[in-house]
file start_11.tsv (TSV, C-alpha atoms)
chain	number	residue	atom	x	y	z
C	1	MET	CA	9.80	-22.46	-149.87
C	2	LYS	CA	7.17	-23.56	-147.40
C	3	VAL	CA	3.82	-21.83	-147.86
C	4	ALA	CA	0.90	-21.89	-145.41
C	5	ILE	CA	-2.45	-21.85	-147.19
C	6	ILE	CA	-5.11	-20.88	-144.67
C	7	THR	CA	-8.38	-22.76	-145.03
C	8	PHE	CA	-11.62	-21.31	-143.73
C	9	PRO	CA	-15.07	-22.91	-143.92
C	10	GLY	CA	-16.05	-22.00	-147.48
C	11	SER	CA	-12.55	-21.52	-148.93
C	12	ASN	CA	-12.61	-22.93	-152.45
C	13	CYS	CA	-9.39	-21.88	-154.18
C	14	ASP	CA	-7.11	-23.48	-151.60
C	15	TYR	CA	-6.20	-26.44	-153.81
C	16	ASP	CA	-5.55	-24.14	-156.78
C	17	CYS	CA	-3.04	-22.28	-154.61
C	18	TRP	CA	-1.55	-25.58	-153.45
C	19	HIS	CA	-1.06	-26.62	-157.08
C	20	ALA	CA	0.49	-23.28	-158.06
C	21	VAL	CA	2.96	-23.46	-155.15
C	22	ARG	CA	3.90	-27.01	-156.16
C	23	LEU	CA	4.43	-25.95	-159.77
C	24	VAL	CA	7.22	-23.57	-158.73
C	25	GLY	CA	8.83	-26.21	-156.51
C	26	GLY	CA	7.40	-24.97	-153.21
C	27	GLU	CA	6.02	-26.99	-150.33
C	28	PRO	CA	2.44	-26.00	-149.50
C	29	ILE	CA	0.74	-26.86	-146.22
C	30	TYR	CA	-2.86	-26.27	-145.22
C	31	VAL	CA	-3.39	-24.44	-141.94
C	32	ASP	CA	-6.84	-24.58	-140.40
C	33	HIS	CA	-8.52	-21.29	-139.44
C	34	ARG	CA	-8.88	-22.53	-135.84
C	35	ALA	CA	-5.13	-23.03	-135.45
C	36	THR	CA	-3.22	-20.46	-133.43
C	37	ASP	CA	0.23	-21.14	-134.84
C	38	LEU	CA	1.55	-21.09	-138.41
C	39	GLY	CA	4.61	-23.22	-137.71
C	40	ARG	CA	7.78	-22.42	-139.64
C	41	VAL	CA	6.70	-21.12	-143.01
C	42	ASP	CA	8.18	-18.68	-145.53
C	43	ALA	CA	4.90	-17.24	-146.80
C	44	VAL	CA	1.16	-17.22	-146.17
C	45	ILE	CA	-1.65	-17.34	-148.72
C	46	LEU	CA	-5.24	-16.47	-147.88
C	47	PRO	CA	-7.14	-18.18	-150.70
C	48	GLY	CA	-10.38	-17.29	-152.44
C	49	GLY	CA	-13.82	-18.63	-151.77
C	50	PHE	CA	-16.77	-17.63	-149.66
C	51	SER	CA	-15.56	-17.98	-146.09
C	52	TYR	CA	-18.49	-18.27	-143.68
C	53	GLY	CA	-20.83	-17.91	-146.64
C	54	ASP	CA	-19.89	-14.22	-146.90
C	55	TYR	CA	-22.19	-13.71	-143.89
C	56	LEU	CA	-22.18	-10.22	-142.37
C	57	ARG	CA	-19.67	-8.87	-144.94
C	58	ALA	CA	-17.35	-10.75	-147.29
C	59	GLY	CA	-14.30	-11.73	-145.26
C	60	ALA	CA	-15.54	-10.16	-142.03
C	61	ILE	CA	-15.88	-13.29	-139.93
C	62	ALA	CA	-12.77	-14.97	-141.33
C	63	SER	CA	-10.73	-11.86	-140.52
C	64	ARG	CA	-11.47	-12.48	-136.82
C	65	ALA	CA	-10.60	-16.22	-136.92
C	66	PRO	CA	-8.00	-17.47	-134.39
C	67	ILE	CA	-5.29	-18.05	-137.03
C	68	MET	CA	-5.38	-14.39	-138.07
C	69	ARG	CA	-3.50	-13.38	-134.92
C	70	ALA	CA	-0.60	-15.56	-136.06
C	71	VAL	CA	-0.85	-14.19	-139.61
C	72	ARG	CA	-0.73	-10.65	-138.19
C	73	ALA	CA	2.43	-11.45	-136.23
C	74	PHE	CA	3.98	-13.09	-139.33
C	75	ALA	CA	3.20	-10.01	-141.45
C	76	ALA	CA	4.53	-7.70	-138.75
C	77	GLU	CA	7.88	-9.47	-139.02
C	78	GLY	CA	7.92	-8.82	-142.76
C	79	GLY	CA	6.71	-12.26	-143.83
C	80	PRO	CA	5.08	-12.31	-147.27
C	81	VAL	CA	1.27	-12.55	-147.14
C	82	LEU	CA	-0.86	-12.84	-150.28
C	83	GLY	CA	-4.65	-12.55	-150.19
C	84	ILE	CA	-6.49	-13.56	-153.33
C	85	CYS	CA	-10.15	-12.64	-153.89
C	86	ASN	CA	-11.84	-13.58	-150.59
C	87	GLY	CA	-8.32	-13.42	-149.14
C	88	PHE	CA	-8.08	-9.75	-150.24
C	89	GLN	CA	-11.45	-9.07	-148.59
C	90	ILE	CA	-10.16	-10.73	-145.41
C	91	LEU	CA	-6.97	-8.61	-145.44
C	92	CYS	CA	-9.03	-5.42	-145.73
C	93	GLU	CA	-11.47	-6.52	-143.03
C	94	ALA	CA	-8.55	-7.41	-140.76
C	95	GLY	CA	-7.02	-3.97	-141.30
C	96	PHE	CA	-3.82	-5.27	-142.94
C	97	LEU	CA	-4.76	-3.23	-146.01
C	98	PRO	CA	-6.82	-0.04	-146.26
C	99	GLY	CA	-10.25	0.29	-147.85
C	100	ALA	CA	-12.96	-2.28	-148.46
C	101	LEU	CA	-14.48	-4.42	-151.19
C	102	VAL	CA	-18.18	-3.90	-151.79
C	103	ARG	CA	-20.88	-5.20	-154.12
C	104	ASN	CA	-19.93	-4.93	-157.78
C	105	ARG	CA	-21.36	-1.96	-159.60
C	106	GLY	CA	-24.12	-3.49	-161.73
C	107	LEU	CA	-24.71	-6.13	-159.04
C	108	LYS	CA	-23.58	-9.03	-161.24
C	109	PHE	CA	-21.26	-11.76	-160.07
C	110	ARG	CA	-18.38	-11.50	-162.55
C	111	SER	CA	-16.69	-14.72	-163.57
C	112	ARG	CA	-14.51	-14.11	-166.59
C	113	TRP	CA	-11.05	-13.33	-167.88
C	114	VAL	CA	-9.76	-9.81	-167.46
C	115	HIS	CA	-6.67	-7.93	-168.49
C	116	LEU	CA	-4.56	-6.39	-165.79
C	117	ARG	CA	-1.69	-3.97	-165.77
C	118	ILE	CA	1.03	-4.90	-163.34
C	119	GLU	CA	2.07	-1.61	-161.77
C	120	SER	CA	4.95	-2.98	-159.74
C	121	ALA	CA	7.87	-5.30	-160.32
C	122	ASP	CA	8.83	-5.52	-156.68
C	123	PRO	CA	9.49	-8.58	-154.60
C	124	PRO	CA	8.11	-10.67	-153.11
C	125	PHE	CA	5.25	-11.17	-155.58
C	126	PHE	CA	6.05	-9.34	-158.83
C	127	ARG	CA	9.75	-9.80	-159.57
C	128	ALA	CA	8.89	-12.00	-162.57
C	129	TYR	CA	7.06	-9.11	-164.26
C	130	ARG	CA	8.01	-5.73	-165.63
C	131	PRO	CA	6.08	-2.60	-164.61
C	132	GLY	CA	3.31	-1.87	-167.10
C	133	GLN	CA	3.14	-5.47	-168.29
C	134	VAL	CA	-0.38	-6.58	-169.24
C	135	VAL	CA	-1.49	-10.04	-168.11
C	136	ARG	CA	-4.67	-12.06	-168.53
C	137	TRP	CA	-6.03	-13.66	-165.35
C	138	PRO	CA	-9.54	-14.72	-164.33
C	139	ILE	CA	-11.82	-13.01	-161.84
C	140	ALA	CA	-14.80	-14.57	-160.04
C	141	HIS	CA	-16.46	-12.32	-157.49
C	142	GLY	CA	-19.62	-10.51	-156.52
C	143	GLU	CA	-18.00	-8.11	-154.11
C	144	GLY	CA	-14.85	-6.83	-155.75
C	145	CYS	CA	-15.52	-3.13	-156.06
C	146	TYR	CA	-12.62	-1.50	-154.24
C	147	VAL	CA	-13.48	1.61	-152.25
C	148	ALA	CA	-11.48	3.77	-149.86
C	149	PRO	CA	-11.78	7.32	-148.56
C	150	PRO	CA	-10.30	9.94	-150.96
C	151	GLU	CA	-7.31	10.68	-148.70
C	152	GLU	CA	-6.51	6.97	-148.46
C	153	LEU	CA	-6.71	6.57	-152.25
C	154	ALA	CA	-4.43	9.57	-152.72
C	155	ARG	CA	-1.95	8.01	-150.31
C	156	LEU	CA	-2.02	4.63	-152.09
C	157	GLU	CA	-1.32	6.36	-155.40
C	158	ALA	CA	1.36	8.68	-154.04
C	159	GLU	CA	3.20	5.77	-152.45
C	160	GLY	CA	2.88	3.54	-155.53
C	161	ARG	CA	0.95	0.91	-153.60
C	162	VAL	CA	-1.57	0.06	-156.32
C	163	VAL	CA	-0.03	-3.13	-157.74
C	164	LEU	CA	-2.70	-4.22	-160.24
C	165	ARG	CA	-5.26	-2.35	-162.32
C	166	TYR	CA	-8.00	-3.50	-164.66
C	167	CYS	CA	-7.27	-2.47	-168.25
C	168	ASP	CA	-7.94	-3.44	-171.85
C	169	PRO	CA	-5.64	-5.81	-173.79
C	170	THR	CA	-3.41	-2.89	-174.77
C	171	GLY	CA	-3.04	-1.70	-171.17
C	172	ARG	CA	-5.40	1.26	-171.45
C	173	ARG	CA	-7.87	1.90	-168.66
C	174	THR	CA	-11.39	2.31	-170.02
C	175	ALA	CA	-14.85	2.24	-168.46
C	176	ALA	CA	-15.48	-1.09	-170.19
C	177	SER	CA	-12.30	-2.68	-168.87
C	178	ASN	CA	-13.33	-2.17	-165.24
C	179	PRO	CA	-15.53	-5.17	-164.36
C	180	ASN	CA	-16.82	-4.09	-160.95
C	181	GLY	CA	-16.62	-0.33	-160.48
C	182	SER	CA	-13.42	-0.33	-158.41
C	183	LEU	CA	-12.12	3.18	-157.75
C	184	HIS	CA	-9.05	4.02	-159.86
C	185	ASP	CA	-9.52	0.61	-161.60
C	186	ILE	CA	-7.81	-0.97	-158.60
C	187	ALA	CA	-7.51	-4.76	-158.71
C	188	GLY	CA	-4.74	-5.14	-156.13
C	189	ILE	CA	-2.83	-3.15	-153.52
C	190	ARG	CA	0.01	-3.64	-151.07
C	191	ASN	CA	0.81	-2.43	-147.57
C	192	GLU	CA	3.47	0.19	-146.82
C	193	ARG	CA	6.22	-2.34	-146.36
C	194	GLY	CA	5.25	-4.27	-149.49
C	195	ASN	CA	5.10	-7.70	-147.87
C	196	VAL	CA	1.28	-7.87	-147.73
C	197	VAL	CA	-0.55	-7.89	-151.07
C	198	GLY	CA	-4.26	-8.28	-151.76
C	199	MET	CA	-5.81	-8.81	-155.19
C	200	MET	CA	-9.24	-9.74	-156.55
C	201	PRO	CA	-8.05	-11.62	-159.70
C	202	HIS	CA	-6.84	-15.20	-159.48
C	203	PRO	CA	-3.22	-15.74	-160.58
C	204	GLU	CA	-3.42	-19.33	-159.25
C	205	ARG	CA	-6.00	-20.09	-161.93
C	206	ALA	CA	-3.65	-18.93	-164.68
C	207	VAL	CA	-0.69	-21.25	-164.17
C	208	GLU	CA	-1.07	-23.81	-166.97
C	209	THR	CA	-1.81	-23.73	-170.68
C	210	LEU	CA	-4.70	-26.08	-170.00
C	211	LEU	CA	-6.30	-23.40	-167.82
C	212	GLY	CA	-6.11	-20.82	-170.60
C	213	SER	CA	-3.17	-18.76	-169.36
C	214	VAL	CA	0.18	-19.19	-167.67
C	215	GLU	CA	0.50	-15.51	-166.91
C	216	GLY	CA	-0.24	-15.88	-163.20
C	217	LEU	CA	2.60	-18.28	-162.52
C	218	GLY	CA	5.02	-15.36	-162.14
C	219	VAL	CA	3.44	-14.43	-158.80
C	220	PHE	CA	4.39	-17.81	-157.35
C	221	ALA	CA	7.77	-17.90	-159.10
C	222	SER	CA	8.53	-14.44	-157.68
C	223	LEU	CA	7.55	-15.59	-154.20
C	224	SER	CA	9.71	-18.67	-154.53
C	225	GLU	CA	12.69	-16.57	-155.61
C	226	ALA	CA	12.13	-14.06	-152.80
C	227	THR	CA	11.87	-16.69	-150.07
C	228	ASP	CA	14.84	-18.66	-151.39
C	229	THR	CA	16.91	-15.47	-151.25
C	230	THR	CA	15.78	-14.89	-147.67
C	231	MET	CA	16.70	-18.45	-146.79
C	232	ALA	CA	20.14	-18.11	-148.38
C	233	SER	CA	20.83	-14.89	-146.50
C	234	ALA	CA	19.71	-16.54	-143.28
C	235	GLY	CA	22.08	-19.42	-143.91
C	236	GLY	CA	19.28	-21.73	-144.98
C	237	SER	CA	18.12	-21.95	-141.41
C	238	HIS	CA	14.46	-22.20	-142.35
C	239	GLY	CA	14.93	-25.90	-143.06
L	1	MET	CA	-29.70	-7.14	-116.52
L	2	GLU	CA	-30.68	-8.42	-119.93
L	3	PHE	CA	-30.59	-6.11	-122.93
L	4	ARG	CA	-31.72	-6.17	-126.51
L	5	ALA	CA	-29.79	-4.09	-129.02
L	6	GLU	CA	-31.02	-3.38	-132.51
L	7	ILE	CA	-28.15	-2.35	-134.76
L	8	ARG	CA	-29.21	-0.64	-137.96
L	9	ILE	CA	-26.45	-0.61	-140.55
L	10	LEU	CA	-26.56	1.38	-143.79
L	11	PRO	CA	-23.96	2.01	-146.50
L	12	ARG	CA	-22.23	5.35	-146.10
L	13	PRO	CA	-24.11	7.96	-148.15
L	14	GLU	CA	-21.08	8.97	-150.24
L	15	LEU	CA	-20.67	5.41	-151.52
L	16	LEU	CA	-22.48	3.96	-154.49
L	17	ASP	CA	-25.31	1.73	-153.21
L	18	PRO	CA	-26.02	-0.59	-156.14
L	19	GLN	CA	-28.55	-2.64	-154.17
L	20	GLY	CA	-30.51	0.45	-153.22
L	21	LYS	CA	-30.40	1.66	-156.84
L	22	ALA	CA	-31.69	-1.67	-158.13
L	23	VAL	CA	-34.59	-1.72	-155.66
L	24	GLU	CA	-35.35	1.91	-156.49
L	25	GLY	CA	-35.52	1.03	-160.19
L	26	ALA	CA	-37.87	-1.88	-159.48
L	27	LEU	CA	-40.17	0.35	-157.42
L	28	HIS	CA	-40.27	2.89	-160.24
L	29	GLY	CA	-41.13	0.04	-162.60
L	30	LEU	CA	-44.13	-0.81	-160.41
L	31	GLY	CA	-45.39	2.75	-160.67
L	32	PHE	CA	-44.07	4.14	-157.39
L	33	HIS	CA	-42.77	7.23	-159.12
L	34	ALA	CA	-42.66	9.27	-155.92
L	35	VAL	CA	-39.74	7.16	-154.65
L	36	ARG	CA	-36.66	9.38	-154.55
L	37	ALA	CA	-34.14	7.09	-152.90
L	38	VAL	CA	-33.79	3.57	-151.53
L	39	HIS	CA	-31.00	2.30	-149.32
L	40	VAL	CA	-30.45	-1.33	-148.49
L	41	GLY	CA	-28.74	-2.12	-145.23
L	42	ARG	CA	-28.82	-4.69	-142.50
L	43	LEU	CA	-30.57	-5.09	-139.16
L	44	LEU	CA	-28.91	-7.05	-136.37
L	45	VAL	CA	-30.55	-7.94	-133.08
L	46	VAL	CA	-28.22	-8.84	-130.23
L	47	GLU	CA	-29.46	-10.02	-126.84
L	48	PHE	CA	-26.95	-9.95	-124.02
L	49	ALA	CA	-26.39	-9.37	-120.32
L	50	ALA	CA	-24.65	-6.35	-118.78
L	51	PRO	CA	-24.49	-4.87	-115.28
L	52	SER	CA	-26.00	-1.52	-116.30
L	53	PHE	CA	-27.42	0.42	-119.22
L	54	GLU	CA	-24.15	2.36	-119.59
L	55	ALA	CA	-22.13	-0.86	-119.60
L	56	ALA	CA	-24.49	-2.36	-122.17
L	57	ARG	CA	-24.10	0.71	-124.39
L	58	ALA	CA	-20.30	0.48	-124.20
L	59	GLU	CA	-20.41	-3.25	-124.89
L	60	VAL	CA	-22.57	-2.98	-127.99
L	61	ASP	CA	-20.46	-0.10	-129.35
L	62	ALA	CA	-17.39	-2.30	-128.96
L	63	MET	CA	-19.15	-5.12	-130.82
L	64	CYS	CA	-19.96	-2.75	-133.67
L	65	ARG	CA	-16.42	-1.41	-133.90
L	66	GLN	CA	-14.76	-4.83	-133.71
L	67	LEU	CA	-17.06	-6.81	-135.99
L	68	LEU	CA	-20.62	-5.81	-136.74
L	69	ALA	CA	-20.02	-2.67	-138.84
L	70	ASN	CA	-17.17	-1.64	-141.12
L	71	PRO	CA	-16.63	2.11	-140.69
L	72	VAL	CA	-14.97	2.39	-144.11
L	73	ILE	CA	-18.25	1.57	-145.85
L	74	GLU	CA	-21.03	1.63	-143.26
L	75	ASN	CA	-22.73	3.82	-140.67
L	76	TYR	CA	-24.68	2.33	-137.80
L	77	VAL	CA	-27.28	3.32	-135.25
L	78	VAL	CA	-27.91	1.35	-132.07
L	79	VAL	CA	-31.29	1.18	-130.36
L	80	LEU	CA	-30.75	-0.34	-126.93
L	81	GLU	CA	-33.47	-1.40	-124.52
L	82	PRO	CA	-33.58	-3.50	-121.34
L	83	LEU	CA	-35.49	-6.73	-121.72
L	84	ALA	CA	-38.43	-7.23	-119.38
L	85	GLN	CA	-37.24	-9.17	-116.32
L	86	PRO	CA	-38.92	-12.47	-115.61
L	87	VAL	CA	-41.36	-12.17	-112.69
L	88	GLU	CA	-40.18	-14.10	-109.63
L	89	GLY	CA	-42.39	-16.63	-107.87
call {"tool": "encode", "arguments": {"input": "start_11.tsv", "output": "structure tokens"}}
result
Amino acid sequence: MKVAIITFPGSNCDYDCWHAVRLVGGEPIYVDHRATDLGRVDAVILPGGFSYGDYLRAGAIASRAPIMRAVRAFAAEGGPVLGICNGFQILCEAGFLPGALVRNRGLKFRSRWVHLRIESADPPFFRAYRPGQVVRWPIAHGEGCYVAPPEELARLEAEGRVVLRYCDPTGRRTAASNPNGSLHDIAGIRNERGNVVGMMPHPERAVETLLGSVEGLGVFASLSEATDTTMASAGGSHG
Amino acid sequence: MEFRAEIRILPRPELLDPQGKAVEGALHGLGFHAVRAVHVGRLLVVEFAAPSFEAARAEVDAMCRQLLANPVIENYVVVLEPLAQPVEG
């Protein structure tokens, strides 16, 4: 599995993603935001950070970077695209995913561990989990409050496109378990086709015991399995 | 012709505006009890050239739609004016 990790000025979780991809046997490459071509890759990760200093709106300027045209074409062909934290904000700003991420309710930057309920067990990112499974991953964001118009929220729910929700350790959704005010406790969503996923929490920072949790590794293992299957069905032509 | 556009951007009223609420609370704390609401937004000033006022209006609207404002969370108002032309000679 070859994974393009897009680096913007101000990306800061790019090496964490690199490491996570390596841990599952993948081959990560960095692709600069000014590039116009992804090359031959099996997946794209938009990492966390503060691209362009969060100027204008978080993710707004990065979403218009030259490389995003290539990412859009890759996603349109069904290629797996994962946006984490700032990457999720970029995916919303670019219109790959509906809604927006705004200032946390309570205004505080939240950097801590949270519990999340995985609402999907679908490829390419969640095959390693079972629906309803509770995992512990970190968050670190000031603008992670997910909002969308009521009709858009209803559509996301009806189509089962909410993939992650904030919850307590037992999987219950409470006011206290929502760290940022996100509507419907949403921590991650996917597009209609399921190949584009955005999430505020950081699975790449929960991939080793040393980091405090290994419960994020499944995202990368799932991706590896999904892309290997694709490669097998395509006769391994991805090289 | 040269134009100057002021783009006033505010959070959509139906959304929670935590910044506005925080400033409102601080004003109340200072004794400004008459304050009923505060909204925190953004002001952008763009200077640019366009062949006519109508073209300038269309251009700045396109800028807002494509980058400057996010319609999911923000409303915007544009105040457009021609810049004074430099006097020749």
call {"tool": "interface_residues", "arguments": {"input": "start_11.tsv", "of": "chain C", "to": "chain L", "cutoff": "9 Å", "atoms": "all atoms listed in the file", "output": "ChimeraX atom specification"}}
result
/C:56-57,60-61,64,93,98-107,147-149
call {"tool": "residues_around", "arguments": {"input": "start_11.tsv", "residues": "Leu223 of chain C", "least_positions_apart": "4", "cutoff": "8 Å", "atoms": "only C-alpha atoms", "output": "JSON, numbers by chain"}}
result
{"C": [123, 124, 125, 126, 219, 227]}
call {"tool": "closest_residue", "arguments": {"input": "start_11.tsv", "among": "L:Glu74, L:Glu24, L:Glu2, L:Glu59", "to": "Arg36 of chain L", "atoms": "all atoms listed in the file"}}
result
L:Glu24
call {"tool": "atom_distance", "arguments": {"input": "start_11.tsv", "atom1": "atom CA of Gln85 of chain L", "atom2": "atom CA of Ala55 of chain L"}}
result
17.6 Å
call {"tool": "atom_distance", "arguments": {"input": "start_11.tsv", "atom1": "atom CA of Thr229 of chain C", "atom2": "atom CA of Pro47 of chain C"}}
result
24.2 Å
call {"tool": "atom_distance", "arguments": {"input": "start_11.tsv", "atom1": "atom CA of Ala58 of chain C", "atom2": "atom CA of Ala76 of chain C"}}
result
23.7 Å
call {"tool": "closest_residue", "arguments": {"input": "start_11.tsv", "among": "C:Ala206, C:Val197, C:Leu23, C:Val31", "to": "Gly78 of chain C", "atoms": "all atoms listed in the file"}}
result
C:Val197
call {"tool": "residues_around", "arguments": {"input": "start_11.tsv", "residues": "Glu215 of chain C", "least_positions_apart": "6", "cutoff": "8 Å", "atoms": "only C-alpha atoms", "output": "PDB file with C-alpha atoms, in the frame of the given file"}}
result
ATOM      1  CA  VAL C 135      -1.490 -10.040-168.110  1.00  0.00           C
ATOM      2  CA  ARG C 136      -4.670 -12.060-168.530  1.00  0.00           C
ATOM      3  CA  TRP C 137      -6.030 -13.660-165.350  1.00  0.00           C
ATOM      4  CA  PRO C 203      -3.220 -15.740-160.580  1.00  0.00           C
ATOM      5  CA  ALA C 206      -3.650 -18.930-164.680  1.00  0.00           C
ATOM      6  CA  VAL C 207      -0.690 -21.250-164.170  1.00  0.00           C
TER       7      VAL C 207
END
call {"tool": "closest_residue", "arguments": {"input": "start_11.tsv", "among": "L:Gly41, L:Gly20, L:Pro82, L:Gly29", "to": "Phe53 of chain L", "atoms": "only C-alpha atoms"}}
result
L:Pro82
call {"tool": "residues_near_point", "arguments": {"input": "start_11.tsv", "point": "(-17.5, -17.0, -150.3)", "cutoff": "10 Å", "atoms": "all atoms listed in the file", "output": "number ranges by chain"}}
result
C: 8-12, 48-55, 57-59, 85-87, 141-143
call {"tool": "closest_residue", "arguments": {"input": "start_11.tsv", "among": "C:Tyr146, C:Trp113, C:Tyr15, C:Tyr166", "to": "Gly132 of chain C", "atoms": "all atoms listed in the file"}}
result
C:Tyr166
call {"tool": "closest_residue", "arguments": {"input": "start_11.tsv", "among": "C:Ala221, C:Cys167, C:Val162, C:Val214", "to": "Glu192 of chain C", "atoms": "only C-alpha atoms"}}
result
C:Val162
call {"tool": "closest_residue", "arguments": {"input": "start_11.tsv", "among": "C:Arg155, C:Pro131, C:His115, C:Ala187", "to": "Gly171 of chain C", "atoms": "only C-alpha atoms"}}
result
C:His115
